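Asker: I'd like to ask you about the structure that follows.
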Amino acid sequence: MNELEVEKQIEQMVKFIRQEAEEKASEIKVSAEEEFNLEKLQLVEQEKAKIRKEYERREAQVDVKKKIEYSKQLNEMRLKVLAAREAAIQEIVAEAKLKLREVSKNQATYKKLLTDLLVQGMRKLGDKAATVRVRQVDLLVVKEVMEPARKQYTALFQEEAPALTLDQATFLPPPPTSNDEIESCNGGVSLISADNRITCNNTLDDRLRIAYQANLPEIRKRLFGAVAQGQH
């Protein structure tokens, strides 16, 4: 093999090696680009997931805040409605109290009422003797009805009526005035047991309070409808 052939063969070998190197470099470049693109895609997806998660978290916070605000407003409205209803009921109670002031002004009607209240008080107390406490302004009229009340008790229950003593030292509060801060009483009686342990308050104010409590569901129903019965 002459020198020319040797050089040609070397040149072919160099060309082959260079071609192999270029192909290998191209493969490495393509592989690197693929890995880069894959890693870039993974990073993009990770960032997207983070953003999506953060958005969902903030959206959930906004939703919770909306629910809390709605619940707060709903509760405030409910309280306002309840306050308005209670004000309406108390207005009726105030009107009833004003009408109670007129009861004692009719002597005939009031005397009969005092008699009935005494009979009822004696029955409730269930004692053999009782002290009767009244307003100072009612002393005379109560004196007049104590014995008729005892007779009525005996006739109704076929038993001896309790002995009644009128308290002329301690009185129920006086009739109402324009000053609502002063304790007052619209009339009626209180009966105290002989041992002073039991008191049966049978005043008009107590009767109104008892009637109010007993009829409150019906009052609510008539004023606000059946739906209001379960609300307080």
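Going through the structure tokens in order, the chains are called A, B, and so on, while each chain numbers its residues from 1 and the ligands are numbered from 1 in the order shown.
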Write out as a list in words each polymer residue whose atoms come within 6 Å of range 202-219 of chain A, counting only C-alpha atoms; drop sequence neighbours fewer than 3 positions from it.

Answerer: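 Returned residues: Asn186, Gly187, Gly188, Val189, Ser190, Arg222 and Gln229 of chain A.
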
Asker: Pull all heavy atoms from the residues just selected and write them as a compact mmCIF listing (two decimals), in the first residue's frame.

Answerer:
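New file again16.txt:
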```txt
# COMPACT_ATOMS: atom_id res chain seq x y z
N ASN A 186 -102.73 47.47 90.89
CA ASN A 186 -104.03 47.85 90.33
C ASN A 186 -105.20 47.33 91.15
O ASN A 186 -106.36 47.57 90.79
CB ASN A 186 -104.14 47.33 88.90
CG ASN A 186 -103.36 48.19 87.92
OD1 ASN A 186 -103.74 49.33 87.66
ND2 ASN A 186 -102.26 47.66 87.40
N GLY A 187 -104.92 46.66 92.25
CA GLY A 187 -106.00 46.17 93.09
C GLY A 187 -105.92 44.67 93.30
O GLY A 187 -105.00 44.00 92.84
N GLY A 188 -106.90 44.14 94.02
CA GLY A 188 -106.91 42.73 94.33
C GLY A 188 -106.45 42.47 95.75
O GLY A 188 -106.40 43.39 96.58
N VAL A 189 -106.11 41.22 96.06
CA VAL A 189 -105.74 40.85 97.43
C VAL A 189 -104.56 39.88 97.43
O VAL A 189 -104.27 39.23 96.43
CB VAL A 189 -106.94 40.17 98.15
CG1 VAL A 189 -108.11 41.13 98.28
CG2 VAL A 189 -107.36 38.89 97.42
N SER A 190 -103.92 39.81 98.59
CA SER A 190 -102.91 38.78 98.86
C SER A 190 -103.30 38.10 100.16
O SER A 190 -103.67 38.78 101.13
CB SER A 190 -101.52 39.38 98.99
OG SER A 190 -100.99 39.70 97.73
N ARG A 222 -102.19 34.65 67.15
CA ARG A 222 -103.15 35.62 66.63
C ARG A 222 -102.47 36.84 66.02
O ARG A 222 -102.96 37.40 65.03
CB ARG A 222 -104.11 36.05 67.74
CG ARG A 222 -105.01 34.94 68.21
CD ARG A 222 -106.19 35.47 68.98
NE ARG A 222 -107.10 34.39 69.36
CZ ARG A 222 -108.32 34.60 69.84
NH1 ARG A 222 -108.77 35.83 70.00
NH2 ARG A 222 -109.08 33.58 70.17
N GLN A 229 -95.45 30.46 66.58
CA GLN A 229 -95.65 29.78 67.85
C GLN A 229 -94.36 29.14 68.36
O GLN A 229 -94.09 29.14 69.55
CB GLN A 229 -96.72 28.69 67.71
CG GLN A 229 -98.11 29.24 67.55
CD GLN A 229 -99.13 28.14 67.62
OE1 GLN A 229 -99.53 27.69 68.67
NE2 GLN A 229 -99.58 27.69 66.46
```

Asker: Please compute the CA of Ile10 in chain A-CA of Glu22 in chain A distance, one decimal, in Å.

Answerer: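 For CA of Ile10 in chain A relative to CA of Glu22 in chain A, the distance reads 18.1 Å.
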
Asker: Please, what distance in Å, to one decimal, runs between CA of Val44 in chain A and CA of Arg57 in chain A?

Answerer: 19.7 Å

Asker: Just want the 8 Å neighbourhood of Met146 in chain A, counted on only C-alpha atoms, with same-chain residues fewer than 2 positions away dropped. Output as a list of chain:residue names.

Answerer: A:Thr115, A:Leu118, A:Val142, A:Lys143, A:Glu144, A:Pro148, A:Ala149, A:Arg150, A:Leu164

Asker: Could you pull the residues within 6 Å of Val132 in chain A, counting only C-alpha atoms, minus those fewer than 4 positions along the same chain, as a PyMOL selection string?

Answerer: chain A and resi 165-167+190-191

Asker: Restrict the selected residues to N, CA, C and O atoms and save them as a tab-separated table (two decimals), in the first residue's frame.

Answerer:
```
chain	number	residue	atom	x	y	z
A	165	THR	N	-108.16	37.62	108.67
A	165	THR	CA	-107.76	38.81	109.42
A	165	THR	C	-107.23	39.83	108.43
A	165	THR	O	-106.32	39.53	107.63
A	166	LEU	N	-107.76	41.03	108.48
A	166	LEU	CA	-107.32	42.08	107.56
A	166	LEU	C	-106.08	42.79	108.12
A	166	LEU	O	-106.12	43.31	109.24
A	167	ASP	N	-105.01	42.77	107.34
A	167	ASP	CA	-103.77	43.45	107.74
A	167	ASP	C	-103.96	44.95	107.54
A	167	ASP	O	-104.09	45.43	106.42
A	190	SER	N	-103.92	39.81	98.59
A	190	SER	CA	-102.91	38.78	98.86
A	190	SER	C	-103.30	38.10	100.16
A	190	SER	O	-103.67	38.78	101.13
A	191	LEU	N	-103.24	36.78	100.19
A	191	LEU	CA	-103.56	36.03	101.40
A	191	LEU	C	-102.30	35.35	101.92
A	191	LEU	O	-101.58	34.69	101.14
```

Asker: Looking at A:Val134, A:Val141, A:Ile192, A:Leu79, which one is nearest to Leu172 in chain A, with distances taken over only C-alpha atoms?

Answerer: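 The shortest atom-to-atom distance to Leu172 in chain A comes from A:Val134.
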